[in-house]
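*Asks:* So that you have it, the file is model_37.txt, and it contains compact mmCIF, C-alpha atoms and all ligand atoms:
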# COMPACT_ATOMS: atom_id res chain seq x y z
CA MET A 80 0.00 0.00 0.00
CA ASP A 81 1.16 3.46 -0.90
CA ASP A 82 1.23 5.54 2.28
CA THR A 83 1.86 9.22 2.61
CA GLU A 84 3.64 10.63 5.64
CA SER A 85 1.86 13.92 6.12
CA ILE A 86 3.37 17.23 6.96
CA ALA A 87 2.63 16.51 10.60
CA GLY A 88 4.26 13.08 10.38
CA ILE A 89 0.94 11.29 10.46
CA LEU A 90 0.23 8.13 8.52
CA LEU A 91 -2.29 8.88 5.80
CA PRO A 92 -3.72 6.59 3.11
CA GLY A 93 -1.72 7.35 -0.02
CA HIS A 94 -4.62 6.76 -2.38
CA LEU A 95 -6.58 9.54 -0.68
CA HIS A 96 -3.89 12.04 0.15
CA SER A 97 -0.76 13.40 -1.45
CA GLN A 98 1.49 16.32 -0.52
CA GLN A 99 -0.33 18.22 -3.24
CA SER A 100 -3.81 17.49 -1.91
CA LEU A 101 -2.72 18.39 1.62
CA GLN A 102 -1.36 21.67 0.31
CA TYR A 103 -4.70 22.23 -1.39
CA ALA A 104 -6.47 21.56 1.91
CA GLN A 105 -4.17 23.99 3.72
CA ASP A 106 -4.90 26.72 1.17
CA PHE A 107 -8.61 25.89 0.93
CA GLN A 108 -10.88 28.92 0.81
CA PHE A 109 -13.86 28.11 2.96
CA LYS A 110 -17.08 29.97 2.32
CA GLU A 111 -18.79 31.81 5.12
CA GLU A 112 -21.73 29.38 5.06
CA ASP A 113 -19.69 26.16 4.90
CA ILE A 114 -20.27 23.49 7.53
CA VAL A 115 -17.25 21.31 8.20
CA ILE A 116 -17.68 18.01 10.04
CA VAL A 117 -14.41 16.99 11.65
CA THR A 118 -13.89 13.54 13.12
CA TYR A 119 -11.29 10.96 13.85
CA PRO A 120 -12.37 7.93 11.74
CA LYS A 121 -15.19 5.76 13.14
CA SER A 122 -16.50 8.42 15.49
CA GLY A 123 -19.93 8.99 13.94
CA THR A 124 -19.02 10.85 10.76
CA THR A 125 -21.73 9.24 8.61
CA TRP A 126 -24.30 9.76 11.33
CA MET A 127 -23.55 13.48 11.57
CA GLN A 128 -23.57 13.81 7.76
CA GLU A 129 -27.01 12.27 7.68
CA ILE A 130 -28.32 14.46 10.51
CA LEU A 131 -27.06 17.62 8.80
CA THR A 132 -28.46 16.73 5.40
CA LEU A 133 -31.77 15.87 7.05
CA ILE A 134 -31.78 19.20 8.91
CA TYR A 135 -31.26 21.08 5.65
CA SER A 136 -34.01 19.09 3.95
CA ARG A 137 -36.23 19.80 6.98
CA GLY A 138 -36.51 16.09 7.67
CA ASP A 139 -37.43 15.07 4.13
CA ASP A 140 -35.49 11.87 3.56
CA ASP A 141 -36.08 11.90 -0.21
CA ILE A 142 -34.30 15.22 -0.57
CA ALA A 143 -31.65 14.45 2.04
CA THR A 144 -30.42 11.38 0.22
CA THR A 145 -30.34 12.56 -3.39
CA VAL A 146 -26.57 12.70 -2.94
CA PRO A 147 -25.05 9.61 -1.35
CA ASN A 148 -23.19 10.43 1.81
CA TRP A 149 -19.84 9.15 0.62
CA ARG A 150 -19.79 11.90 -2.01
CA ARG A 151 -19.46 14.34 0.87
CA ALA A 152 -16.84 12.25 2.59
CA PRO A 153 -13.14 12.62 3.17
CA TRP A 154 -12.47 9.91 0.58
CA LEU A 155 -12.73 12.79 -1.85
CA GLU A 156 -9.85 14.71 -0.45
CA HIS A 157 -7.58 13.10 -3.02
CA ILE A 158 -9.44 14.91 -5.75
CA TYR A 159 -8.96 18.14 -3.88
CA PHE A 160 -12.41 18.68 -2.46
CA LYS A 161 -13.77 19.58 -5.87
CA ASP A 162 -16.56 17.01 -5.80
CA VAL A 163 -17.73 18.02 -2.36
CA ILE A 164 -19.67 20.94 -3.74
CA ILE A 165 -23.11 19.46 -3.72
CA GLU A 166 -26.44 20.26 -5.22
CA GLY A 167 -29.55 20.40 -3.07
CA ASN A 168 -30.63 22.46 -0.11
CA GLY A 169 -28.45 24.27 2.34
CA PRO A 170 -24.77 25.01 2.58
CA ARG A 171 -21.83 22.85 1.53
CA ILE A 172 -21.24 20.07 4.02
CA ILE A 173 -17.58 19.12 3.99
CA THR A 174 -16.26 16.18 5.96
CA THR A 175 -12.68 15.62 7.00
CA HIS A 176 -10.50 13.48 9.26
CA LEU A 177 -7.47 15.72 8.76
CA PRO A 178 -5.58 16.97 11.82
CA SER A 179 -6.03 20.54 13.03
CA ASP A 180 -2.58 21.72 12.01
CA VAL A 181 -3.50 21.06 8.38
CA LEU A 182 -6.98 22.60 8.33
CA ALA A 183 -7.39 24.94 11.30
CA PRO A 184 -5.37 27.85 9.83
CA ALA A 185 -7.61 27.95 6.73
CA LEU A 186 -10.71 27.65 8.92
CA GLN A 187 -9.50 30.44 11.18
CA LYS A 188 -9.47 32.78 8.20
CA SER A 189 -13.13 31.97 7.52
CA LYS A 190 -16.47 32.04 9.29
CA ALA A 191 -17.21 28.41 8.43
CA LYS A 192 -18.91 26.43 11.16
CA VAL A 193 -17.05 23.41 12.50
CA ILE A 194 -18.79 20.42 14.11
CA TYR A 195 -16.37 18.08 15.87
CA VAL A 196 -17.75 14.64 16.71
CA ALA A 197 -15.71 12.63 19.21
CA ARG A 198 -16.28 9.06 20.36
CA ASN A 199 -14.78 7.15 23.24
CA PRO A 200 -11.53 5.71 21.89
CA LYS A 201 -12.14 2.14 23.03
CA ASP A 202 -15.19 1.88 20.78
CA VAL A 203 -13.34 3.77 18.04
CA ALA A 204 -10.53 1.19 18.13
CA VAL A 205 -13.00 -1.72 17.81
CA SER A 206 -14.97 -0.04 15.03
CA TYR A 207 -11.73 0.87 13.20
CA TYR A 208 -10.58 -2.74 13.44
CA TYR A 209 -13.73 -4.03 11.74
CA PHE A 210 -13.57 -1.26 9.20
CA HIS A 211 -10.06 -2.41 8.23
CA LYS A 212 -11.49 -5.87 7.69
CA MET A 213 -14.21 -4.70 5.33
CA ALA A 214 -12.48 -1.80 3.56
CA ARG A 215 -10.29 -3.39 0.92
CA PHE A 216 -8.35 -0.16 0.48
CA LEU A 217 -7.00 -0.48 4.03
CA PRO A 218 -4.33 -2.97 5.11
CA ASN A 219 -5.40 -6.20 6.78
CA PRO A 220 -5.66 -5.26 10.46
CA GLN A 221 -3.95 -8.44 11.74
CA PRO A 222 -5.37 -9.89 14.97
CA PHE A 223 -7.15 -7.42 17.25
CA PRO A 224 -4.42 -7.28 19.98
CA GLU A 225 -1.83 -6.09 17.43
CA PHE A 226 -4.25 -3.60 15.94
CA LEU A 227 -5.03 -2.22 19.39
CA GLU A 228 -1.35 -1.67 20.12
CA LYS A 229 -0.90 0.17 16.83
CA PHE A 230 -3.96 2.26 17.60
CA LEU A 231 -2.56 3.27 20.99
CA GLU A 232 0.77 4.15 19.40
CA GLY A 233 -0.98 6.24 16.76
CA LYS A 234 0.40 4.03 14.00
CA VAL A 235 -2.88 3.86 12.13
CA TYR A 236 -4.29 6.07 9.40
CA TYR A 237 -4.93 9.63 10.58
CA GLY A 238 -2.53 9.05 13.44
CA SER A 239 -3.15 9.18 17.14
CA TRP A 240 -6.74 9.49 18.35
CA PHE A 241 -5.37 11.38 21.39
CA GLU A 242 -3.58 14.01 19.31
CA HIS A 243 -6.53 14.43 16.96
CA VAL A 244 -9.00 15.13 19.74
CA LYS A 245 -6.65 17.28 21.81
CA ASP A 246 -5.32 19.35 18.90
CA TRP A 247 -8.79 20.17 17.58
CA HIS A 248 -9.95 20.92 21.13
CA SER A 249 -7.04 23.32 21.59
CA VAL A 250 -8.08 25.43 18.56
CA SER A 251 -11.80 25.31 19.36
CA GLN A 252 -11.84 28.84 20.84
CA THR A 253 -10.46 30.28 17.60
CA LEU A 254 -13.24 28.80 15.46
CA ASP A 255 -17.02 28.79 15.23
CA PHE A 256 -16.90 25.38 16.86
CA PHE A 257 -19.44 22.89 18.17
CA TYR A 258 -18.28 19.82 20.06
CA ILE A 259 -20.48 16.79 20.52
CA THR A 260 -19.85 13.15 21.27
CA TYR A 261 -21.18 9.98 19.72
CA GLU A 262 -22.30 9.03 23.22
CA ASP A 263 -24.29 12.29 23.62
CA MET A 264 -26.08 11.40 20.40
CA GLN A 265 -26.76 7.89 21.64
CA LYS A 266 -28.03 9.08 25.00
CA ASP A 267 -30.46 11.62 23.61
CA LEU A 268 -30.63 11.94 19.83
CA ARG A 269 -33.48 14.43 19.87
CA ARG A 270 -31.70 16.77 22.27
CA SER A 271 -28.53 16.47 20.19
CA ILE A 272 -30.41 17.35 16.99
CA LYS A 273 -31.91 20.42 18.68
CA LYS A 274 -28.48 21.54 19.90
CA ILE A 275 -27.05 21.09 16.40
CA CYS A 276 -29.94 23.17 14.98
CA GLN A 277 -29.18 25.91 17.49
CA PHE A 278 -25.53 25.95 16.51
CA LEU A 279 -26.49 26.07 12.83
CA GLU A 280 -28.98 28.86 13.57
CA THR A 281 -31.62 26.78 11.82
CA PRO A 282 -34.77 26.63 13.91
CA MET A 283 -37.03 23.66 13.22
CA TYR A 284 -40.61 22.77 14.02
CA SER A 285 -41.07 19.89 16.40
CA LYS A 286 -42.54 17.73 13.61
CA GLU A 287 -39.47 18.34 11.48
CA VAL A 288 -37.21 17.34 14.36
CA ASP A 289 -39.33 14.17 14.66
CA LYS A 290 -38.50 13.32 11.06
CA VAL A 291 -34.78 14.04 11.42
CA GLU A 292 -34.73 11.82 14.49
CA GLN A 293 -36.68 9.06 12.78
CA HIS A 294 -34.49 8.95 9.63
CA SER A 295 -31.18 9.18 11.48
CA ASN A 296 -31.66 6.34 13.89
CA PHE A 297 -29.42 3.31 13.48
CA ALA A 298 -32.10 0.88 12.32
CA VAL A 299 -33.30 3.20 9.55
CA MET A 300 -29.82 4.26 8.44
CA SER A 301 -28.70 0.61 8.31
CA GLN A 302 -31.38 -0.02 5.67
CA ASN A 303 -30.70 3.15 3.69
CA SER A 304 -28.41 2.31 0.78
CA MET A 305 -27.56 5.99 0.28
CA VAL A 306 -25.81 6.02 3.64
CA ASN A 307 -24.92 2.42 4.50
CA TYR A 308 -22.23 2.07 1.80
CA THR A 309 -23.79 -1.06 0.26
CA LEU A 310 -23.79 0.66 -3.13
CA ILE A 311 -19.99 0.80 -3.02
CA PRO A 312 -18.58 -2.18 -4.97
CA CYS A 313 -17.56 -5.20 -2.95
CA GLU A 314 -13.94 -4.83 -4.22
CA ILE A 315 -13.79 -1.58 -2.25
CA MET A 316 -15.99 -2.39 0.75
CA ASP A 317 -16.68 -6.02 1.48
CA HIS A 318 -19.84 -6.22 3.57
CA THR A 319 -19.44 -9.97 3.98
CA GLN A 320 -16.48 -9.20 6.29
CA SER A 321 -18.30 -6.61 8.36
CA LYS A 322 -21.13 -4.20 7.76
CA PHE A 323 -20.33 -0.49 7.65
CA MET A 324 -23.36 0.08 9.87
CA ARG A 325 -22.03 -2.59 12.16
CA LYS A 326 -23.45 -2.35 15.72
CA GLY A 327 -23.99 1.30 16.46
CA VAL A 328 -23.73 1.00 20.25
CA VAL A 329 -21.74 2.43 23.15
CA GLY A 330 -19.50 -0.04 24.98
CA ASP A 331 -18.93 -2.72 22.35
CA TRP A 332 -15.25 -2.61 23.42
CA GLN A 333 -16.31 -4.70 26.44
CA GLN A 334 -16.92 -7.62 24.10
CA HIS A 335 -13.41 -7.28 22.64
CA PHE A 336 -10.97 -6.10 25.33
CA THR A 337 -9.35 -8.45 27.79
CA GLU A 338 -8.90 -7.16 31.32
CA GLU A 339 -5.23 -6.64 30.63
CA GLN A 340 -5.87 -4.73 27.42
CA ASN A 341 -8.34 -2.55 29.25
CA LYS A 342 -5.81 -1.73 31.97
CA MET A 343 -3.16 -0.91 29.39
CA PHE A 344 -5.62 1.28 27.51
CA ASP A 345 -6.65 3.15 30.67
CA LYS A 346 -3.01 3.78 31.54
CA VAL A 347 -2.24 5.23 28.11
CA PHE A 348 -5.48 7.24 28.18
CA GLN A 349 -4.62 8.78 31.56
CA GLU A 350 -1.09 9.66 30.47
CA LYS A 351 -2.09 11.16 27.14
CA MET A 352 -5.20 12.98 28.36
CA SER A 353 -3.77 14.35 31.62
CA ASP A 354 -3.51 17.81 30.03
CA CYS A 355 -7.04 17.77 28.60
CA ASP A 356 -10.34 18.29 30.39
CA LEU A 357 -12.55 16.35 27.96
CA GLN A 358 -14.57 13.53 29.53
CA PHE A 359 -15.70 10.36 27.78
CA ILE A 360 -18.53 7.95 28.41
CA TRP A 361 -17.41 4.34 28.16
CA THR A 362 -20.72 2.56 28.64
CA LEU A 363 -24.37 3.51 28.80
CA LYS A 364 -26.02 2.17 31.90
P1 LIG B 401 -19.66 0.60 14.86
O1 LIG B 401 -18.62 0.01 13.95
O2 LIG B 401 -19.24 0.63 16.29
O3 LIG B 401 -21.02 -0.01 14.67
P2 LIG B 401 -17.92 6.68 10.82
O4 LIG B 401 -19.13 7.10 10.06
O5 LIG B 401 -17.20 7.81 11.49
O6 LIG B 401 -17.03 5.81 9.99
O7 LIG B 401 -18.43 5.80 12.07
C1 LIG B 401 -19.00 4.55 11.86
C2 LIG B 401 -19.58 4.07 13.17
O8 LIG B 401 -20.76 4.85 13.47
C3 LIG B 401 -20.01 2.62 13.12
O9 LIG B 401 -19.84 2.15 14.45
C4 LIG B 401 -21.48 2.77 12.75
O10 LIG B 401 -22.26 1.63 13.04
C5 LIG B 401 -21.86 3.96 13.63
N1 LIG B 401 -23.10 4.62 13.21
C6 LIG B 401 -23.42 5.10 12.00
N2 LIG B 401 -24.67 5.60 12.00
C7 LIG B 401 -25.15 5.43 13.25
C8 LIG B 401 -26.41 5.72 13.87
N3 LIG B 401 -27.42 6.27 13.22
N4 LIG B 401 -26.54 5.41 15.18
C9 LIG B 401 -25.55 4.84 15.88
N5 LIG B 401 -24.33 4.53 15.33
C10 LIG B 401 -24.15 4.82 14.03
Just dump the structure as structure tokens.
Ligand code: A3P
*Replies:*
Amino acid sequence: MDDTESIAGILLPGHLHSQQSLQYAQDFQFKEEDIVIVTYPKSGTTWMQEILTLIYSRGDDDIATTVPNWRRAPWLEHIYFKDVIIEGNGPRIITTHLPSDVLAPALQKSKAKVIYVARNPKDVAVSYYYFHKMARFLPNPQPFPEFLEKFLEGKVYYGSWFEHVKDWHSVSQTLDFFYITYEDMQKDLRRSIKKICQFLETPMYSKEVDKVEQHSNFAVMSQNSMVNYTLIPCEIMDHTQSKFMRKGVVGDWQQHFTEEQNKMFDKVFQEKMSDCDLQFIWTLK
């Protein structure tokens, strides 16, 4: 596999990024009305894309899914964002996994709104592992224990989860920035949708919120081929290995971590996050 070491020394998939495309991202001219979803992979990117497109279609699923979600996705960074400009209602919705040192300076020059979705890193690691199994453009993840070690060392695509979250958090005050977690969305999707609407300055009627909520729940999204990636050819995403819409729960790491792995993870987490006040929910009671 052709990898690209980014400017920041982060491992990036070479078929999606090049020095040239990263330069393009750094120089990108955001429009005032742009909405930029920023995530570390497997943190709820697709979910947030669907919520935003539903908000701008006022809950109308037919309009929201005229453009498949992956056409708004970071996969497109290798063609320099040009395909991200979408038809339909509302502003451009741009999605990226890039680290803050690549994109934040361009965002700071703009009034674009940034939505950062974070997810507890134990569930991210498990989800990322299964994604490596199904995404043929990613290397075989090897057995889970090895993958977990690489994840903790930041030797996976898009680098260290810890750095990603902390670095974006550290620039949050300099941007029009909204932070939400996957777990917040799981705990109370309706409340999360309302908070997102507030941030977007897009008031909605209660009935419209009902529809956004209904179309963005896991069961419905799992069956929606415009968002569940089943329209992507099997040579690129092999759903026999694992579904993209896999489990959609909080705490699946408990089914995968040994006690020892959990202790090791907690130790690394405490060390790396000691200078950061963000809190994460590991399970939903
Ligand atoms: P799991 O693999 O844990 O099931 P991303 O879009 O950033 O790649 O994240 C994918 C993860 O988000 C997957 O997690 C997927 O199932 C989950 N997901 C997607 N839509 C969801 C929804 N509506 N509700 C809950 N989880 C969702």
*Asks:* Output as a tab-separated table one row per residue of chain A within 10 Å of ligand LIG 401 (chain B): the closest atom pair and its distance in Å to one decimal place, counting all atoms listed in the file, sorted by chain and residue number ascending.
*Replies:*
residue	atom	partner	partner_atom	distance
A:Val117	CA	B:LIG401	O5	9.6
A:Thr118	CA	B:LIG401	O5	6.8
A:Tyr119	CA	B:LIG401	O5	7.1
A:Pro120	CA	B:LIG401	O5	4.8
A:Lys121	CA	B:LIG401	O5	3.3
A:Ser122	CA	B:LIG401	O5	4.1
A:Gly123	CA	B:LIG401	O5	3.9
A:Thr124	CA	B:LIG401	O5	3.6
A:Thr125	CA	B:LIG401	O4	3.7
A:Trp126	CA	B:LIG401	N2	4.2
A:Met127	CA	B:LIG401	O4	7.9
A:Gln128	CA	B:LIG401	O4	8.4
A:Glu129	CA	B:LIG401	N3	8.2
A:Ile130	CA	B:LIG401	N3	8.7
A:Asn148	CA	B:LIG401	O4	9.8
A:Trp149	CA	B:LIG401	O4	9.7
A:Ala152	CA	B:LIG401	O4	9.4
A:His176	CA	B:LIG401	O5	9.1
A:Val196	CA	B:LIG401	O5	8.6
A:Ala197	CA	B:LIG401	O5	9.2
A:Arg198	CA	B:LIG401	O5	9.0
A:Lys201	CA	B:LIG401	O2	9.9
A:Asp202	CA	B:LIG401	O2	6.2
A:Val203	CA	B:LIG401	O2	6.9
A:Ala204	CA	B:LIG401	O2	8.9
A:Val205	CA	B:LIG401	O2	6.8
A:Ser206	CA	B:LIG401	O1	3.8
A:Tyr207	CA	B:LIG401	O1	7.0
A:Tyr208	CA	B:LIG401	O1	8.5
A:Tyr209	CA	B:LIG401	O1	6.7
A:Phe210	CA	B:LIG401	O1	7.0
A:Tyr261	CA	B:LIG401	N5	7.7
A:Glu262	CA	B:LIG401	C9	9.1
A:Met264	CA	B:LIG401	N4	8.0
A:Gln265	CA	B:LIG401	C9	6.6
A:Leu268	CA	B:LIG401	N4	9.0
A:Glu292	CA	B:LIG401	N3	9.3
A:Gln293	CA	B:LIG401	N3	9.7
A:His294	CA	B:LIG401	N3	8.4
A:Ser295	CA	B:LIG401	N3	5.1
A:Asn296	CA	B:LIG401	N3	4.3
A:Phe297	CA	B:LIG401	N3	3.6
A:Ala298	CA	B:LIG401	N3	7.2
A:Val299	CA	B:LIG401	N3	7.6
A:Met300	CA	B:LIG401	N3	5.7
A:Ser301	CA	B:LIG401	N2	7.4
A:Val306	CA	B:LIG401	N2	8.4
A:Asn307	CA	B:LIG401	C6	8.1
A:Ser321	CA	B:LIG401	O1	8.7
A:Lys322	CA	B:LIG401	O1	7.9
A:Phe323	CA	B:LIG401	O10	6.1
A:Met324	CA	B:LIG401	O10	3.7
A:Arg325	CA	B:LIG401	O3	3.7
A:Lys326	CA	B:LIG401	O3	3.5
A:Gly327	CA	B:LIG401	N5	3.4
A:Val328	CA	B:LIG401	O2	6.0
A:Val329	CA	B:LIG401	O2	7.5
A:Gly330	CA	B:LIG401	O2	8.7
A:Asp331	CA	B:LIG401	O2	6.9
A:Trp332	CA	B:LIG401	O2	8.8
*Asks:* In terms of the shortest atom-to-atom distance over all atoms listed in the file, which of A:Phe223, A:Phe107, A:Tyr236, A:Phe344 is closest to Ala191 of chain A?
*Replies:*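 Answer, going by the shortest atom-to-atom distance: A:Phe107.
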*Asks:* Report the distance between atom CA of Leu279 of chain A and atom CA of Thr174 of chain A in Å, rounded to one decimal place.
*Replies:* 15.8 Å
*Asks:* Identify which of the residues A:Ile89, A:Met343, A:Met305, A:Cys276 lies closest to Val291 of chain A, counting only C-alpha atoms when measuring atom-to-atom distances.
*Replies:*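 Closest to Val291 of chain A, using only C-alpha atoms: A:Cys276.
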*Asks:* One decimal, Å: what's the distance from atom CA of Gln99 of chain A over to atom CA of Val181 of chain A, could you say?
*Replies:*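 Separation between atom CA of Gln99 of chain A and atom CA of Val181 of chain A: 12.4 Å.
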*Asks:* Which residue, A:Ile272, A:Met283, A:Ile311, A:Leu186, has the smallest gap to Thr253 of chain A when you use only C-alpha atoms?
*Replies:* A:Leu186
*Asks:* Pick the closest to Val115 of chain A from A:Phe257, A:Tyr308, A:Tyr237, A:Phe230: which is it, counting all atoms listed in the file?
*Replies:* A:Phe257
*Asks:* Between atom CA of Phe241 of chain A and atom CA of Ala185 of chain A, what is the distance in Å, rounded to a tenth?
*Replies:*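 Separation of atom CA of Phe241 of chain A and atom CA of Ala185 of chain A: 22.2 Å.
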*Asks:* Which one is closest to Thr337 of chain A: A:Phe359, A:Glu112, A:Leu227, A:Tyr103? Count only C-alpha atoms.
*Replies:*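 Nearest to Thr337 of chain A: A:Leu227.
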*Asks:* Just want the 12 Å neighbourhood of Cys355 of chain A, counted on only C-alpha atoms, with same-chain residues fewer than 5 positions away dropped. Output as a ChimeraX atom specification.
*Replies:* /A:241-242,244-249,348-350
*Asks:* Which residue, A:Asp113, A:Glu287, A:Asp141, A:Asp317, has the smallest gap to Ile172 of chain A when you use all atoms listed in the file?
*Replies:*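 Among A:Asp113, A:Glu287, A:Asp141, A:Asp317, it is A:Asp113 that comes nearest to Ile172 of chain A.
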*Asks:* Would you fill out segment 200-215 of chain A with N, CA, C and O atoms and return it as a compact mmCIF listing (two decimals), in the frame of the given file?
*Replies:*
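The file below, selection_35.txt, is the result:
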# COMPACT_ATOMS: atom_id res chain seq x y z
N PRO A 200 -12.53 6.36 22.75
CA PRO A 200 -11.53 5.71 21.89
C PRO A 200 -11.51 4.19 21.96
O PRO A 200 -10.97 3.54 21.05
N LYS A 201 -12.10 3.61 22.99
CA LYS A 201 -12.14 2.14 23.03
C LYS A 201 -13.08 1.65 21.93
O LYS A 201 -12.76 0.72 21.19
N ASP A 202 -14.25 2.28 21.84
CA ASP A 202 -15.19 1.88 20.78
C ASP A 202 -14.66 2.27 19.39
O ASP A 202 -14.89 1.57 18.41
N VAL A 203 -13.93 3.38 19.33
CA VAL A 203 -13.34 3.77 18.04
C VAL A 203 -12.37 2.68 17.58
O VAL A 203 -12.39 2.27 16.42
N ALA A 204 -11.53 2.21 18.50
CA ALA A 204 -10.53 1.19 18.13
C ALA A 204 -11.22 -0.07 17.60
O ALA A 204 -10.80 -0.63 16.58
N VAL A 205 -12.29 -0.50 18.25
CA VAL A 205 -13.00 -1.72 17.81
C VAL A 205 -13.64 -1.48 16.44
O VAL A 205 -13.50 -2.29 15.51
N SER A 206 -14.30 -0.35 16.29
CA SER A 206 -14.97 -0.04 15.03
C SER A 206 -13.95 0.07 13.89
O SER A 206 -14.17 -0.40 12.78
N TYR A 207 -12.80 0.68 14.21
CA TYR A 207 -11.73 0.87 13.20
C TYR A 207 -11.17 -0.49 12.77
O TYR A 207 -10.87 -0.71 11.61
N TYR A 208 -11.06 -1.39 13.73
CA TYR A 208 -10.58 -2.74 13.44
C TYR A 208 -11.49 -3.42 12.41
O TYR A 208 -11.03 -3.95 11.40
N TYR A 209 -12.80 -3.39 12.68
CA TYR A 209 -13.73 -4.03 11.74
C TYR A 209 -13.77 -3.31 10.40
O TYR A 209 -13.95 -3.94 9.36
N PHE A 210 -13.58 -2.01 10.45
CA PHE A 210 -13.57 -1.26 9.20
C PHE A 210 -12.36 -1.67 8.34
O PHE A 210 -12.47 -1.79 7.12
N HIS A 211 -11.23 -1.92 8.98
CA HIS A 211 -10.06 -2.41 8.23
C HIS A 211 -10.35 -3.76 7.59
O HIS A 211 -9.82 -4.08 6.54
N LYS A 212 -11.18 -4.54 8.25
CA LYS A 212 -11.49 -5.87 7.69
C LYS A 212 -12.35 -5.74 6.44
O LYS A 212 -12.18 -6.50 5.49
N MET A 213 -13.29 -4.78 6.45
CA MET A 213 -14.21 -4.70 5.33
C MET A 213 -13.72 -3.76 4.22
O MET A 213 -14.06 -3.96 3.06
N ALA A 214 -12.92 -2.77 4.57
CA ALA A 214 -12.48 -1.80 3.56
C ALA A 214 -11.23 -2.35 2.88
O ALA A 214 -10.17 -2.43 3.49
N ARG A 215 -11.40 -2.74 1.63
CA ARG A 215 -10.29 -3.39 0.92
C ARG A 215 -9.15 -2.42 0.63
O ARG A 215 -8.07 -2.85 0.26
